[in-house]
Amino acid sequence: MADLRELYQEVILEHSKAPRNYRELAAANHSAEGYNPLCGDHFTVYLNLEGDSIRDISFQGSGCAISKASASMMTQTLKGKSRADAEKLFEAFRKLVTTGQANGDQPQLGKLAVFSGVSEFPVRVKCATLAWHTLQAALEGKQDTVSTE
Amino acid sequence: MTTAAKIPSRESAAPHLHVVGGAFTVEKVRRDFPILSREVHGKKLVYLDNAATSQKPRAVIDAISRYYEQGNANVHRGVHFLSEHATGEHERARRTVQHFINAADASEIIFVRGTTEAINLVAQTYGRTHVRAGDEVLITAMEHHSNIVPWQILCEEKGANLRVAPINDNGELLLEEFEKLLGPRTKIVALPHVSNALGTVNPVGRIVEMAHRRNIPVLVDGAQAVPHMKVDVHALDCDFYAFSSHKMFGPIGIGVLYGKSAMLEEMPPYQGGGDMISSVTFEKTTYNKLPFKFEAGTPNVAGAIALGAAIEYLNGLGMDNIAAYEHELLAYATEKISAIPAVRLIGTARDRAGVLSFVIEGIHPHDVGTILDQEGIAIRTGHHCAQPVMQRFGIPATARASFALYNTKAEVDTLAEGIRKVQEVFA
């Protein structure tokens with residue numbers, strides 16, 4: 001059960017039960033949809049971009065604890081950040097959940113470091129990264145639904 | 001010619017009888033399946049993903065090794081010893097399948113890759129010659145994608161309509177609604193014998209009667225039925241019956257399409273190539289007789305032989321004994337799992353086989369699957385290739401425990417314990 005507690009950290013469980021920024025964003029000027037049909041994880045990420053700055057960000061949808069908590073914590077982390085910051089964080093986050101290593105990015109990732117346990121469960125990487133891929137599509141203005149399956 | 005002295009025959013490895021005085025001894029059965037003694041994550045494997053694929057008994061594994069070690073050759077071609085022997089074994093396996101499902105003739109048994117290919121074969125041959133613009137194909141709301149998509153492709157090509165018979169909240173087909181959908185434009189009915197996502201056993205005999213009164217042929221997807229119950233295609237009177245070897249303890253990569261001779265005879269070939277012809281010139285090709293007309297190219301010889309071994313293994317246990325044992329096991333599991341607070345069963349038909357689909361309030365099935373896996377319990381989570389079923393019940397996915405003849409009540413208890421652990425993690 002040790003590994004399981006690494007995956008299902010208290011913070012993750014708490015965010016999955018009470019996700020933050022869980023709403024449609026009235027002032028959204030960018031949005032994208034992410035869908036993993038095999039699992040049924042399905043999210044929409046909403047952005048209010050002002051120039052290169054993320055003024056507001058929210059999400060809605062349904063999914064497993066890992067995907068939901070990841071989406072919730074992503075929105076918390078990115079509010080007020082620049083597009084470049086978001087891209088850098090995504091890179092660091094992806095590295096964290098695939099390798100368990102954060103290198104020099106650890107301080108930057110902050111609370112997101114709780115997702116390091118995902119790397120022990122390779123089939124769950126797609127859950128942890130779905131919201132981030134959806135965010136990327138929203139930033140790039142892509143219309144197609146994103147999937148990490 | 002006798003070959004028994006040169007190549008050990010399959011009979012020498014026939015399964016021991018586990019049925020003494022009508023009782024089915026699961027502990028003995030388990031010893032026939034080598035994989036069941038392994039561990040996963042340091043825990044004893046509890047394999048409850050049998051609707052995805054079943055495990056293989058020693059008799060099947062040995063039949064494959066024996067074929068490649070002692071008997072490998074191409075079939076229907078050579079005059080040499082091994083080719084003749086392989087051909088004989090291949091065709092003997094066909095007769096084993098024929099008797100297993102009580103088909104009238106061995107030529108009604110077409111070897112294919114699996115259920116999916118069997119359904120595609122019928123859609124592309126019978127379907128393409130009989131379905132025209134404005135016609136209808138009738139399926140049910142509990143299909144696996146493999147009994148939806150081949151018909152959608154056909155309907156799209158022909159400008160025909162796919163009609164879907166509804167089910168109730170228990171996951172049972174609404175027979176009156178179904179009958180109303182049988183009309184003058186209905187050209188074929190396709191439905192599962194047992195639903196892979198819900199476990200519902202459909203009253204196939206009655207459905208075939210309804211369709212036949214209107215001269216509509218019926219294809220039955222039997223993938224989830226054949227491992228659990230005695231299937232008699234003569235009694236069912238269905239026109240086509242499709243199933244996969246790997247879900248009934250045989251190897252992956254082979255399956256069966258049963259078709260009534262009269263239907264198969266008038267159908268055009270599915271694929272062209274060697275073995276399916278009797279003569280070829282650049283001007284004209286004459287097709288081979290049944291079943292070979294539908295078996296282009298070198299067949300999966302080892303697969304057919306090992307499927308034969310799987311059937312002989314099942315015959316040794318007795319399908320009626322297996323069905324009775326599993327019935328009791330599923331009833332036990334249903335009671336045990338549904339008694340856990342916050343657990344809801346999806347699929348509560350009166351007549352079910354093999355499958356227990358469930359959701360836990362507030363916990364996504366994927367998380368359930370990951371946590372159970374850490375306990376050595378293998379279940380399937382997701383939509384089970386039946387997305388319309390998930391939509392019907394308004395859920396994105398379920399957790400599905402699916403049983404086979406080697407599962408035990410103790411394993412059901414382990415599953416119940418596992419579900420409680422899942423709830424603890426999320427408490």
# chains A, B, ... in the order shown; residues from 1 in each chain; ligands from 1

$ closest_atom_pairs --of "chain A" --to "chain B" --cutoff "9 Å" --atoms "only C-alpha atoms" --output "tab-separated table"
residue	atom	partner	partner_atom	distance
A:Met1	CA	B:Gln374	CA	7.2
A:Asp3	CA	B:Gln374	CA	8.6
A:Leu4	CA	B:Ile371	CA	7.0
A:Arg5	CA	B:Val425	CA	8.1
A:Tyr8	CA	B:Val425	CA	7.6
A:Leu13	CA	B:Phe426	CA	6.8
A:Lys17	CA	B:Gly362	CA	8.0
A:Pro37	CA	B:His383	CA	8.0
A:Leu38	CA	B:Gly382	CA	5.7
A:Cys39	CA	B:Gly382	CA	4.9
A:Gly40	CA	B:Pro396	CA	4.9
A:Asp41	CA	B:Pro396	CA	7.6
A:His42	CA	B:Pro396	CA	8.8
A:Ser62	CA	B:Pro396	CA	8.3
A:Gly63	CA	B:His364	CA	6.7
A:Cys64	CA	B:His364	CA	4.8
A:Ala65	CA	B:Asp367	CA	6.8
A:Ile66	CA	B:Asp367	CA	8.0
A:Phe121	CA	B:Thr370	CA	8.5
A:Arg124	CA	B:Thr370	CA	8.7

$ write_last_selection --atoms "N, CA and C atoms" --output "tab-separated table (two decimals), in the first residue's frame"
chain	number	residue	atom	x	y	z
A	1	MET	N	0.81	-1.22	0.00
A	1	MET	CA	0.00	0.00	0.00
A	1	MET	C	0.85	1.27	0.00
A	3	ASP	N	3.07	2.37	-2.12
A	3	ASP	CA	3.03	3.03	-3.42
A	3	ASP	C	1.72	3.77	-3.65
A	4	LEU	N	0.64	3.14	-3.19
A	4	LEU	CA	-0.68	3.74	-3.38
A	4	LEU	C	-0.79	5.08	-2.69
A	5	ARG	N	-0.22	5.15	-1.49
A	5	ARG	CA	-0.28	6.42	-0.75
A	5	ARG	C	0.56	7.50	-1.45
A	8	TYR	N	-2.03	8.40	-4.27
A	8	TYR	CA	-3.22	9.09	-3.76
A	8	TYR	C	-2.87	9.89	-2.51
A	13	LEU	N	-6.34	13.76	-3.14
A	13	LEU	CA	-7.70	13.32	-2.82
A	13	LEU	C	-8.58	14.51	-2.49
A	17	LYS	N	-11.97	15.79	-4.56
A	17	LYS	CA	-13.30	15.87	-3.95
A	17	LYS	C	-13.86	17.29	-4.02
A	37	PRO	N	-11.45	8.79	-24.14
A	37	PRO	CA	-12.64	7.94	-24.21
A	37	PRO	C	-12.50	6.60	-23.49
A	38	LEU	N	-11.31	6.03	-23.47
A	38	LEU	CA	-11.16	4.73	-22.81
A	38	LEU	C	-11.47	4.80	-21.33
A	39	CYS	N	-11.00	5.88	-20.66
A	39	CYS	CA	-11.28	6.05	-19.23
A	39	CYS	C	-12.58	6.77	-19.00
A	40	GLY	N	-12.95	7.62	-19.95
A	40	GLY	CA	-14.12	8.46	-19.76
A	40	GLY	C	-13.78	9.82	-19.15
A	41	ASP	N	-12.51	10.13	-18.98
A	41	ASP	CA	-12.13	11.46	-18.47
A	41	ASP	C	-12.45	12.51	-19.53
A	42	HIS	N	-13.15	13.56	-19.08
A	42	HIS	CA	-13.64	14.54	-20.04
A	42	HIS	C	-13.66	15.92	-19.38
A	62	SER	N	-15.59	15.72	-15.90
A	62	SER	CA	-15.55	14.60	-14.97
A	62	SER	C	-14.38	13.69	-15.31
A	63	GLY	N	-13.93	13.02	-14.28
A	63	GLY	CA	-12.80	12.12	-14.50
A	63	GLY	C	-12.36	11.49	-13.20
A	64	CYS	N	-11.26	10.74	-13.28
A	64	CYS	CA	-10.75	10.06	-12.09
A	64	CYS	C	-10.11	11.07	-11.15
A	65	ALA	N	-9.76	10.62	-9.96
A	65	ALA	CA	-9.19	11.50	-8.94
A	65	ALA	C	-7.92	12.18	-9.44
A	66	ILE	N	-7.08	11.41	-10.14
A	66	ILE	CA	-5.80	11.95	-10.60
A	66	ILE	C	-6.03	13.06	-11.63
A	121	PHE	N	3.10	4.62	-11.73
A	121	PHE	CA	1.90	4.04	-12.34
A	121	PHE	C	1.79	4.54	-13.78
A	124	ARG	N	-1.28	5.73	-15.56
A	124	ARG	CA	-2.02	6.90	-15.06
A	124	ARG	C	-1.41	8.22	-15.50

$ select_by_dssp --residues "region 115-246 of chain B" --states "helix (DSSP H, G or I)" --output "ChimeraX atom specification"
/B:115-130,145-147,149-158,175-181,204-213,233-236,246

$ write_last_selection --atoms "C-alpha atoms" --output "PDB file, in the first residue's frame"
ATOM      1  CA  THR B 115     -15.899 -12.505 -33.101  1.00  0.00           C
ATOM      2  CA  THR B 116     -15.129  -9.129 -34.649  1.00  0.00           C
ATOM      3  CA  GLU B 117     -13.983 -10.654 -37.914  1.00  0.00           C
ATOM      4  CA  ALA B 118     -16.960 -13.021 -37.944  1.00  0.00           C
ATOM      5  CA  ILE B 119     -19.397 -10.096 -37.701  1.00  0.00           C
ATOM      6  CA  ASN B 120     -17.515  -8.098 -40.327  1.00  0.00           C
ATOM      7  CA  LEU B 121     -17.602 -11.135 -42.610  1.00  0.00           C
ATOM      8  CA  VAL B 122     -21.386 -11.347 -42.412  1.00  0.00           C
ATOM      9  CA  ALA B 123     -21.835  -7.573 -42.788  1.00  0.00           C
ATOM     10  CA  GLN B 124     -19.559  -7.464 -45.819  1.00  0.00           C
ATOM     11  CA  THR B 125     -20.957 -10.525 -47.600  1.00  0.00           C
ATOM     12  CA  TYR B 126     -24.543 -11.233 -46.584  1.00  0.00           C
ATOM     13  CA  GLY B 127     -25.056  -7.576 -45.676  1.00  0.00           C
ATOM     14  CA  ARG B 128     -23.676  -6.103 -48.880  1.00  0.00           C
ATOM     15  CA  THR B 129     -25.761  -8.385 -51.083  1.00  0.00           C
ATOM     16  CA  HIS B 130     -29.055  -7.984 -49.198  1.00  0.00           C
ATOM     17  CA  HIS B 145     -18.693  -1.843 -30.522  1.00  0.00           C
ATOM     18  CA  SER B 146     -17.868  -4.864 -32.691  1.00  0.00           C
ATOM     19  CA  ASN B 147     -21.582  -5.453 -33.243  1.00  0.00           C
ATOM     20  CA  VAL B 149     -19.459  -0.486 -36.219  1.00  0.00           C
ATOM     21  CA  PRO B 150     -19.496  -3.192 -38.956  1.00  0.00           C
ATOM     22  CA  TRP B 151     -23.228  -2.489 -39.429  1.00  0.00           C
ATOM     23  CA  GLN B 152     -22.671   1.276 -39.408  1.00  0.00           C
ATOM     24  CA  ILE B 153     -20.074   0.899 -42.159  1.00  0.00           C
ATOM     25  CA  LEU B 154     -22.531  -1.220 -44.164  1.00  0.00           C
ATOM     26  CA  CYS B 155     -25.448   1.186 -43.607  1.00  0.00           C
ATOM     27  CA  GLU B 156     -23.322   4.167 -44.591  1.00  0.00           C
ATOM     28  CA  GLU B 157     -22.238   2.482 -47.798  1.00  0.00           C
ATOM     29  CA  LYS B 158     -25.768   1.406 -48.727  1.00  0.00           C
ATOM     30  CA  LEU B 175     -39.007  -7.398 -26.220  1.00  0.00           C
ATOM     31  CA  GLU B 176     -42.203  -5.596 -27.204  1.00  0.00           C
ATOM     32  CA  GLU B 177     -40.219  -2.599 -28.421  1.00  0.00           C
ATOM     33  CA  PHE B 178     -37.847  -4.943 -30.172  1.00  0.00           C
ATOM     34  CA  GLU B 179     -40.682  -6.675 -31.998  1.00  0.00           C
ATOM     35  CA  LYS B 180     -42.172  -3.336 -33.079  1.00  0.00           C
ATOM     36  CA  LEU B 181     -38.865  -2.488 -34.731  1.00  0.00           C
ATOM     37  CA  VAL B 204     -32.158 -15.494 -28.170  1.00  0.00           C
ATOM     38  CA  GLY B 205     -34.542 -18.351 -28.998  1.00  0.00           C
ATOM     39  CA  ARG B 206     -37.618 -16.119 -28.693  1.00  0.00           C
ATOM     40  CA  ILE B 207     -35.948 -13.311 -30.605  1.00  0.00           C
ATOM     41  CA  VAL B 208     -35.016 -15.637 -33.456  1.00  0.00           C
ATOM     42  CA  GLU B 209     -38.633 -16.829 -33.583  1.00  0.00           C
ATOM     43  CA  MET B 210     -39.910 -13.255 -33.814  1.00  0.00           C
ATOM     44  CA  ALA B 211     -37.475 -12.425 -36.612  1.00  0.00           C
ATOM     45  CA  HIS B 212     -38.021 -15.663 -38.516  1.00  0.00           C
ATOM     46  CA  ARG B 213     -41.794 -15.138 -38.533  1.00  0.00           C
ATOM     47  CA  VAL B 233     -27.200 -23.359 -32.498  1.00  0.00           C
ATOM     48  CA  HIS B 234     -29.711 -25.914 -33.727  1.00  0.00           C
ATOM     49  CA  ALA B 235     -32.035 -25.249 -30.786  1.00  0.00           C
ATOM     50  CA  LEU B 236     -31.522 -21.464 -31.033  1.00  0.00           C
ATOM     51  CA  HIS B 246      -9.533 -16.577 -26.397  1.00  0.00           C
TER      52      HIS B 246
END

$ closest_residue --among "A:Gly80, A:Pro19, A:Gly34, A:Gly51" --to "Leu130 (chain A)" --atoms "only C-alpha atoms"
A:Gly34

$ residues_around --residues "Val40 (chain B)" --least-positions-apart "6" --cutoff "12 Å" --atoms "only C-alpha atoms" --output "MDAnalysis selection string"
chainID B and resid 46:47 372:378

$ closest_residue --among "B:Asn196, B:Ser54, B:Asn72, B:Thr298" --to "Arg400 (chain B)" --atoms "only C-alpha atoms"
B:Asn196

$ closest_atom_pairs --of "region 231-307 of chain B" --to "region 405-417 of chain B" --cutoff "12 Å" --atoms "only C-alpha atoms" --output "JSON lines"
{"residue": "B:Lys247", "atom": "CA", "partner": "B:Leu405", "partner_atom": "CA", "distance": 11.8}
{"residue": "B:Met248", "atom": "CA", "partner": "B:Leu405", "partner_atom": "CA", "distance": 10.0}
{"residue": "B:Phe249", "atom": "CA", "partner": "B:Leu405", "partner_atom": "CA", "distance": 10.0}

$ closest_residue --among "A:Thr129, A:Tyr22, A:Val118, A:Leu139" --to "Ser53 (chain A)" --atoms "only C-alpha atoms"
A:Leu139

$ decode --residues "region 147-225 of chain B" --atoms "C-alpha atoms" --output "tab-separated table (two decimals), in the first residue's frame"
chain	number	residue	atom	x	y	z
B	147	ASN	CA	-21.58	-5.45	-33.24
B	148	ILE	CA	-22.25	-1.77	-34.01
B	149	VAL	CA	-19.46	-0.49	-36.22
B	150	PRO	CA	-19.50	-3.19	-38.96
B	151	TRP	CA	-23.23	-2.49	-39.43
B	152	GLN	CA	-22.67	1.28	-39.41
B	153	ILE	CA	-20.07	0.90	-42.16
B	154	LEU	CA	-22.53	-1.22	-44.16
B	155	CYS	CA	-25.45	1.19	-43.61
B	156	GLU	CA	-23.32	4.17	-44.59
B	157	GLU	CA	-22.24	2.48	-47.80
B	158	LYS	CA	-25.77	1.41	-48.73
B	159	GLY	CA	-27.75	4.38	-47.46
B	160	ALA	CA	-29.50	2.03	-45.01
B	161	ASN	CA	-30.55	2.77	-41.42
B	162	LEU	CA	-29.24	1.27	-38.22
B	163	ARG	CA	-32.08	0.80	-35.72
B	164	VAL	CA	-31.44	0.18	-32.03
B	165	ALA	CA	-33.80	-1.78	-29.78
B	166	PRO	CA	-33.99	-0.19	-26.31
B	167	ILE	CA	-33.25	-1.77	-22.91
B	168	ASN	CA	-34.70	-1.08	-19.46
B	169	ASP	CA	-32.88	0.15	-16.35
B	170	ASN	CA	-31.95	-3.39	-15.40
B	171	GLY	CA	-30.22	-3.84	-18.72
B	172	GLU	CA	-32.87	-6.13	-20.21
B	173	LEU	CA	-34.02	-5.92	-23.80
B	174	LEU	CA	-37.58	-4.58	-24.13
B	175	LEU	CA	-39.01	-7.40	-26.22
B	176	GLU	CA	-42.20	-5.60	-27.20
B	177	GLU	CA	-40.22	-2.60	-28.42
B	178	PHE	CA	-37.85	-4.94	-30.17
B	179	GLU	CA	-40.68	-6.67	-32.00
B	180	LYS	CA	-42.17	-3.34	-33.08
B	181	LEU	CA	-38.87	-2.49	-34.73
B	182	LEU	CA	-39.00	-5.59	-36.92
B	183	GLY	CA	-40.44	-4.26	-40.14
B	184	PRO	CA	-40.61	-4.90	-43.87
B	185	ARG	CA	-37.32	-3.02	-44.34
B	186	THR	CA	-35.43	-4.99	-41.66
B	187	LYS	CA	-32.86	-7.09	-43.49
B	188	ILE	CA	-30.92	-8.55	-40.57
B	189	VAL	CA	-30.99	-8.60	-36.77
B	190	ALA	CA	-27.74	-8.72	-34.78
B	191	LEU	CA	-27.60	-9.03	-31.00
B	192	PRO	CA	-25.43	-10.39	-28.22
B	193	HIS	CA	-26.27	-13.65	-26.52
B	194	VAL	CA	-24.72	-12.23	-23.34
B	195	SER	CA	-23.87	-8.54	-22.90
B	196	ASN	CA	-20.18	-7.93	-22.18
B	197	ALA	CA	-20.83	-4.77	-20.16
B	198	LEU	CA	-23.96	-5.82	-18.24
B	199	GLY	CA	-23.95	-9.61	-18.22
B	200	THR	CA	-27.55	-9.76	-19.46
B	201	VAL	CA	-28.49	-13.08	-21.09
B	202	ASN	CA	-30.84	-12.35	-23.97
B	203	PRO	CA	-33.72	-14.70	-24.81
B	204	VAL	CA	-32.16	-15.49	-28.17
B	205	GLY	CA	-34.54	-18.35	-29.00
B	206	ARG	CA	-37.62	-16.12	-28.69
B	207	ILE	CA	-35.95	-13.31	-30.60
B	208	VAL	CA	-35.02	-15.64	-33.46
B	209	GLU	CA	-38.63	-16.83	-33.58
B	210	MET	CA	-39.91	-13.26	-33.81
B	211	ALA	CA	-37.47	-12.43	-36.61
B	212	HIS	CA	-38.02	-15.66	-38.52
B	213	ARG	CA	-41.79	-15.14	-38.53
B	214	ARG	CA	-40.92	-12.18	-40.77
B	215	ASN	CA	-38.17	-14.03	-42.67
B	216	ILE	CA	-35.43	-11.89	-41.15
B	217	PRO	CA	-32.14	-13.67	-40.42
B	218	VAL	CA	-30.43	-13.29	-37.04
B	219	LEU	CA	-26.75	-13.03	-36.16
B	220	VAL	CA	-25.83	-13.76	-32.54
B	221	ASP	CA	-22.64	-12.39	-30.97
B	222	GLY	CA	-21.84	-15.28	-28.68
B	223	ALA	CA	-18.43	-14.12	-27.43
B	224	GLN	CA	-19.60	-13.81	-23.81
B	225	ALA	CA	-21.94	-16.80	-23.82
